[in-house]
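A short write-up of the structure that comes next.
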There are 2 protein chains.
Amino acid sequence: MQLDIGKPILDKNDRLAEENRELLDAHGIFMLNILASPGSGKTSTILATIEALRSKYSFAVIEGDLASKVDSEKIKAAGIPCVQINTGGICHLESNMIANALKAFDLDSIDILLVENVGNLVCTTDFYLGENARAVILSVPEGHDKPVKYPIIFQEADAVVLNKVDVIDYFDFNEREFRASLSQINPAAPIFPISATKGTGIKAWTGWLDSIVIETRG
Amino acid sequence: MQLDIGKPILDKNDRLAEENRELLDAHGIFMLNILASPGSGKTSTILATIEALRSKYSFAVIEGDLASKVDSEKIKAAGIPCVQINTGGICHLESNMIANALKAFDLDSIDILLVENVGNLVCTTDFYLGENARAVILSVPEGHDKPVKYPIIFQEADAVVLNKVDVIDYFDFNEREFRASLSQINPAAPIFPISATKGTGIKAWTGWLDSIVIETRG
């Protein structure tokens with residue numbers, strides 16, 4: 001037996017997202033929405049991304065979390081402006097949370113705003129925040145079948161980062177199947193295998209980010 | 001800056017959960033709600049659990065998933081009755097979904113019903129389904145800081161399974177910190193380090209499950 005259950009549309013969130021987008025455009029800020037499971041390495045990837053591009057761009061970060069400040073403390077320790085949003089149990093960021101967080105930044109001094117969404121391959125998908133692009137991070141230990149099991153989030157990604165490739169030999173991760181399923185679900189999204197902690201692949205990933213920032217900001 | 005956002009109460013779900021519980025009690029069925037991130041090994045743990053206890057109990061499984069049938073096909077291949085619930089994008093199972101799924105089983109022939117919730121450390125927490133107990137699975141590659149970052153789900157666990165301990169040497173997983181934070185958040189919950197695919201620790205975990213099933217069914 002199989003039961004299928006629908007989902008309402010999120011009009012109000014989308015209207016506020018457009019307002020966020022207009023505000024960011026007015027200040028020449030590129031916003032990247034970063035989506036992943038808990039423990040896939042979002043914060044490490046953000047830190048490696050900033051390290052690679054900080055001589056060219058000034059960064060700010062919004063950290064979405066249920067309750068803790070673990071991640072925002074790491075970002076602040078790297079000298080990057082960061083707002084922590086504690087959702088109090090809500091499984092995703094919404095546009096109004098971003099709108100409030102933006103008030104805390106000096107927008108004229110930011111080129112790239114990285115948004116670390118709540119660790120979640122499901123609910124984060126439906127909430128457009130006004131971002132210019134979305135990156136989904138999957139880590140090797142989570143398994144190659146995740147695009148098949150969580151198709152919507154991968155469908156809407158502008159890029160897919162495969163993190164923790166340094167441990168790929170210790171897992172039953174079939175990279176060919178992973179790429180084959182992604183090419184069915186989202187053939188346009190480039191895939192960047194990286195190790196955020198070891199530095200592998202960061203140049204290709206940040207080269208792509210640099211290129212879409214240039215393209216978007218004109 | 002830090003923003004904190006509240007959450008409404010889920011009365012209707014809880015009422016239906018009580019109805020599920022009464023129905024299950026009437027048939028002497030013990031229901032375990034299994035919560036975890038994507039890729040932490042829920043299905044492998046279910047298969048290992050059934051294998052260890054199937055000479056004593058008859059099992060059935062409800063598989064919650066966004067869209068695919070990958071997991072339920074694995075369960076059916078093991079000869080176990082299984083209902084697949086596709087939530088169509090909803091990030092958790094709800095009591096009404098369980099109530100519908102129960103209609104598909106021969107309830108008199110089931111001792112233990114294992115419910116694999118949608119892969120999610122956030123939304124699944126708030127939805128009581130009528131279960132007798134909850135187990136949260138965390139896998140080593142997700143990191144030892146997850147109880148601190150996702151406290152609510154760990155707070156409400158009756159047992160915590162730490163899966164993929166066979167690869168612990170390849171990760172920066174501090175088991176002492178993991179246990180210390182869990183003992184703060186939920187000192188009563190036993191912790192079972194296992195490798196579902198290698199069989200490590202399954203005897204201790206299923207011994208615990210057996211003991212609460214006996215205690216509950218009287």
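Residue names in the structure tokens use chain letters A, B, ... in the order shown, residue numbers from 1 in each chain, and ligand numbers from 1 in the order shown.
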
Residues near Ser183 (chain B), cut-off 12 Å, only C-alpha atoms, skip fewer than 5 positions along chain, as a count of residues only: 13

Taking only C-alpha atoms into account, what are the residues of chain A at most 9 Å from chain B, put as a PDB file with C-alpha atoms, in the first residue's frame?
ATOM      1  CA  MET A   1       0.000   0.000   0.000  1.00  0.00           C
ATOM      2  CA  GLN A   2       1.112   3.551  -0.625  1.00  0.00           C
ATOM      3  CA  LEU A   3      -0.418   6.829   0.602  1.00  0.00           C
ATOM      4  CA  ASP A   4       0.337  10.146  -1.080  1.00  0.00           C
ATOM      5  CA  ILE A   5      -0.291  13.424   0.705  1.00  0.00           C
ATOM      6  CA  GLY A   6      -0.214  16.908  -0.751  1.00  0.00           C
ATOM      7  CA  LYS A   7       1.127  20.287   0.353  1.00  0.00           C
ATOM      8  CA  SER A  37      21.435  17.251   6.306  1.00  0.00           C
ATOM      9  CA  PRO A  38      22.735  17.623   9.836  1.00  0.00           C
ATOM     10  CA  GLY A  39      26.412  16.740   9.921  1.00  0.00           C
ATOM     11  CA  SER A  40      27.148  16.980   6.200  1.00  0.00           C
ATOM     12  CA  GLY A  41      29.683  19.745   6.758  1.00  0.00           C
ATOM     13  CA  ASP A  65      19.871  26.558  13.817  1.00  0.00           C
ATOM     14  CA  LEU A  66      17.254  25.031  16.087  1.00  0.00           C
ATOM     15  CA  ALA A  67      18.766  26.098  19.341  1.00  0.00           C
ATOM     16  CA  SER A  68      22.533  26.357  19.615  1.00  0.00           C
ATOM     17  CA  LYS A  69      25.219  28.917  18.736  1.00  0.00           C
ATOM     18  CA  VAL A  70      27.903  26.308  17.937  1.00  0.00           C
ATOM     19  CA  CYS A  82      27.354  36.529  11.370  1.00  0.00           C
ATOM     20  CA  VAL A  83      23.754  36.545  12.553  1.00  0.00           C
ATOM     21  CA  GLN A  84      22.449  33.469  14.339  1.00  0.00           C
ATOM     22  CA  ILE A  85      18.771  32.629  13.819  1.00  0.00           C
ATOM     23  CA  ASN A  86      17.418  30.180  16.354  1.00  0.00           C
ATOM     24  CA  THR A  87      14.198  28.828  14.904  1.00  0.00           C
ATOM     25  CA  GLY A  88      13.028  27.350  18.216  1.00  0.00           C
ATOM     26  CA  GLY A  89      12.213  24.014  16.624  1.00  0.00           C
ATOM     27  CA  ILE A  90      11.087  25.138  13.160  1.00  0.00           C
ATOM     28  CA  CYS A  91      12.793  22.962  10.554  1.00  0.00           C
ATOM     29  CA  MET A  97      13.579  35.518   9.534  1.00  0.00           C
ATOM     30  CA  ASN A 100      14.960  40.491  10.347  1.00  0.00           C
ATOM     31  CA  ALA A 101      18.525  39.227  10.214  1.00  0.00           C
ATOM     32  CA  ALA A 104      21.657  43.590  11.769  1.00  0.00           C
ATOM     33  CA  VAL A 118      18.655  24.392   9.189  1.00  0.00           C
ATOM     34  CA  GLY A 119      20.074  20.884   8.690  1.00  0.00           C
ATOM     35  CA  ASN A 120      17.269  19.277   6.773  1.00  0.00           C
ATOM     36  CA  LEU A 121      16.834  17.710   3.314  1.00  0.00           C
ATOM     37  CA  VAL A 122      13.079  18.210   3.360  1.00  0.00           C
ATOM     38  CA  CYS A 123      11.456  21.347   4.708  1.00  0.00           C
ATOM     39  CA  THR A 125      13.276  23.030  -0.012  1.00  0.00           C
ATOM     40  CA  ASP A 126       9.989  24.866  -0.231  1.00  0.00           C
ATOM     41  CA  SER A 139      28.350  14.007   2.366  1.00  0.00           C
ATOM     42  CA  PRO A 141      28.619   8.793   4.574  1.00  0.00           C
ATOM     43  CA  GLU A 142      24.972   9.681   3.915  1.00  0.00           C
ATOM     44  CA  GLY A 143      24.949   7.381   0.886  1.00  0.00           C
ATOM     45  CA  ASP A 145      20.898   6.994  -2.867  1.00  0.00           C
ATOM     46  CA  LYS A 146      19.929  10.351  -1.367  1.00  0.00           C
ATOM     47  CA  VAL A 148      16.503   9.312  -5.329  1.00  0.00           C
ATOM     48  CA  LYS A 149      15.072   9.507  -1.797  1.00  0.00           C
ATOM     49  CA  TYR A 150      15.024  13.324  -1.465  1.00  0.00           C
ATOM     50  CA  PRO A 151      14.524  14.350  -5.097  1.00  0.00           C
ATOM     51  CA  ILE A 152      12.942  17.766  -4.621  1.00  0.00           C
ATOM     52  CA  VAL A 167      36.690   8.982   3.352  1.00  0.00           C
ATOM     53  CA  TYR A 170      35.527   3.448   3.822  1.00  0.00           C
ATOM     54  CA  PHE A 171      31.925   3.625   2.622  1.00  0.00           C
TER      55      PHE A 171
END

Per-residue DSSP, region 77-217 of chain B, filtered to strand (DSSP E), as a count of residues only: 25

For Leu113 (chain A), work out the shell of residues within 6 Å, counting only C-alpha atoms and skipping chain neighbours fewer than 3 positions away, then give it as a ChimeraX atom specification. /A:31,59-61

Could you pull out the alpha helix (DSSP H) residues of region 142-218 of chain B from DSSP and send them as a PyMOL selection string? chain B and resi 146-149+151-155+175-185+202-217

Write the residues of the preceding selection, restricted to C-alpha atoms, as an mmCIF file, in the first residue's frame.
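File produced: selection_2.cif:
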data_model
loop_
_atom_site.group_PDB
_atom_site.id
_atom_site.type_symbol
_atom_site.label_atom_id
_atom_site.label_comp_id
_atom_site.auth_asym_id
_atom_site.auth_seq_id
_atom_site.Cartn_x
_atom_site.Cartn_y
_atom_site.Cartn_z
ATOM 1 C CA LYS B 146 24.462 16.699 17.163
ATOM 2 C CA PRO B 147 22.812 16.320 20.605
ATOM 3 C CA VAL B 148 23.846 19.911 21.365
ATOM 4 C CA LYS B 149 22.584 21.190 18.010
ATOM 5 C CA PRO B 151 18.547 18.815 21.580
ATOM 6 C CA ILE B 152 14.800 18.287 21.421
ATOM 7 C CA ILE B 153 14.873 15.039 19.484
ATOM 8 C CA PHE B 154 17.502 13.599 21.850
ATOM 9 C CA GLN B 155 15.614 14.822 24.903
ATOM 10 C CA GLU B 175 32.620 9.726 21.900
ATOM 11 C CA ARG B 176 33.297 11.160 25.354
ATOM 12 C CA GLU B 177 31.846 14.539 24.375
ATOM 13 C CA PHE B 178 28.897 12.803 22.721
ATOM 14 C CA ARG B 179 28.126 10.858 25.898
ATOM 15 C CA ALA B 180 28.718 13.895 28.110
ATOM 16 C CA SER B 181 26.258 16.059 26.161
ATOM 17 C CA LEU B 182 23.662 13.273 26.050
ATOM 18 C CA SER B 183 23.984 12.776 29.805
ATOM 19 C CA GLN B 184 23.123 16.455 30.190
ATOM 20 C CA ILE B 185 20.211 16.412 27.757
ATOM 21 C CA ILE B 202 23.031 -5.548 17.808
ATOM 22 C CA LYS B 203 22.667 -7.998 20.701
ATOM 23 C CA ALA B 204 22.723 -5.248 23.349
ATOM 24 C CA TRP B 205 20.344 -3.042 21.355
ATOM 25 C CA THR B 206 17.814 -5.780 20.634
ATOM 26 C CA GLY B 207 18.129 -7.039 24.225
ATOM 27 C CA TRP B 208 16.942 -3.625 25.389
ATOM 28 C CA LEU B 209 14.109 -3.622 22.850
ATOM 29 C CA ASP B 210 13.067 -7.126 23.924
ATOM 30 C CA SER B 211 13.023 -6.037 27.583
ATOM 31 C CA ILE B 212 10.745 -3.027 27.011
ATOM 32 C CA VAL B 213 8.441 -5.052 24.778
ATOM 33 C CA ILE B 214 8.082 -7.618 27.583
ATOM 34 C CA GLU B 215 7.566 -4.861 30.149
ATOM 35 C CA THR B 216 4.944 -3.092 28.017
ATOM 36 C CA ARG B 217 2.937 -6.102 26.903
#

Hey, what's within 9 Å of Thr45 (chain A) if we count only C-alpha atoms and toss same-chain stuff fewer than 5 positions away? As a ChimeraX atom specification, please? /A:50,137,163,194-197,202

Find the residues around Glu22 (chain A) up to 12 Å (only C-alpha atoms counted), leave out those fewer than 3 positions away in its own chain, and share them as a ChimeraX atom specification. /A:15-19,25-31,99,129-132

Writing out the chosen residues with N, CA and C atoms as a compact mmCIF listing (two decimals), in the first residue's frame:
# COMPACT_ATOMS: atom_id res chain seq x y z
N ARG A 15 6.37 36.26 -1.19
CA ARG A 15 6.30 37.72 -1.33
C ARG A 15 7.41 38.39 -0.52
N LEU A 16 7.60 37.92 0.71
CA LEU A 16 8.67 38.47 1.53
C LEU A 16 10.05 38.16 0.94
N ALA A 17 10.17 37.01 0.31
CA ALA A 17 11.44 36.66 -0.33
C ALA A 17 11.79 37.65 -1.43
N GLU A 18 10.76 38.07 -2.19
CA GLU A 18 11.00 39.06 -3.25
C GLU A 18 11.48 40.39 -2.67
N GLU A 19 10.94 40.74 -1.53
CA GLU A 19 11.40 41.97 -0.86
C GLU A 19 12.86 41.84 -0.41
N ASP A 25 19.63 43.18 -3.95
CA ASP A 25 20.02 43.71 -5.27
C ASP A 25 20.45 45.17 -5.18
N ALA A 26 19.68 45.93 -4.37
CA ALA A 26 19.97 47.36 -4.24
C ALA A 26 21.35 47.60 -3.65
N HIS A 27 21.83 46.63 -2.88
CA HIS A 27 23.16 46.76 -2.26
C HIS A 27 24.22 45.91 -2.96
N GLY A 28 23.84 45.31 -4.08
CA GLY A 28 24.82 44.51 -4.83
C GLY A 28 25.29 43.26 -4.11
N ILE A 29 24.40 42.70 -3.31
CA ILE A 29 24.77 41.51 -2.52
C ILE A 29 24.27 40.23 -3.20
N PHE A 30 25.18 39.25 -3.33
CA PHE A 30 24.81 37.94 -3.85
C PHE A 30 24.52 37.01 -2.67
N MET A 31 23.33 36.39 -2.67
CA MET A 31 22.98 35.49 -1.55
C MET A 31 22.93 34.04 -2.00
N ALA A 99 14.66 38.58 6.60
CA ALA A 99 14.42 40.02 6.60
C ALA A 99 14.86 40.64 7.93
N LEU A 129 14.04 32.12 -0.11
CA LEU A 129 14.38 33.19 0.84
C LEU A 129 14.76 34.49 0.16
N GLY A 130 14.79 34.44 -1.19
CA GLY A 130 15.26 35.59 -1.95
C GLY A 130 16.68 35.38 -2.46
N GLU A 131 17.17 34.15 -2.35
CA GLU A 131 18.56 33.85 -2.74
C GLU A 131 18.77 33.94 -4.25
N ASN A 132 20.03 34.20 -4.64
CA ASN A 132 20.39 34.17 -6.06
C ASN A 132 20.67 32.75 -6.53
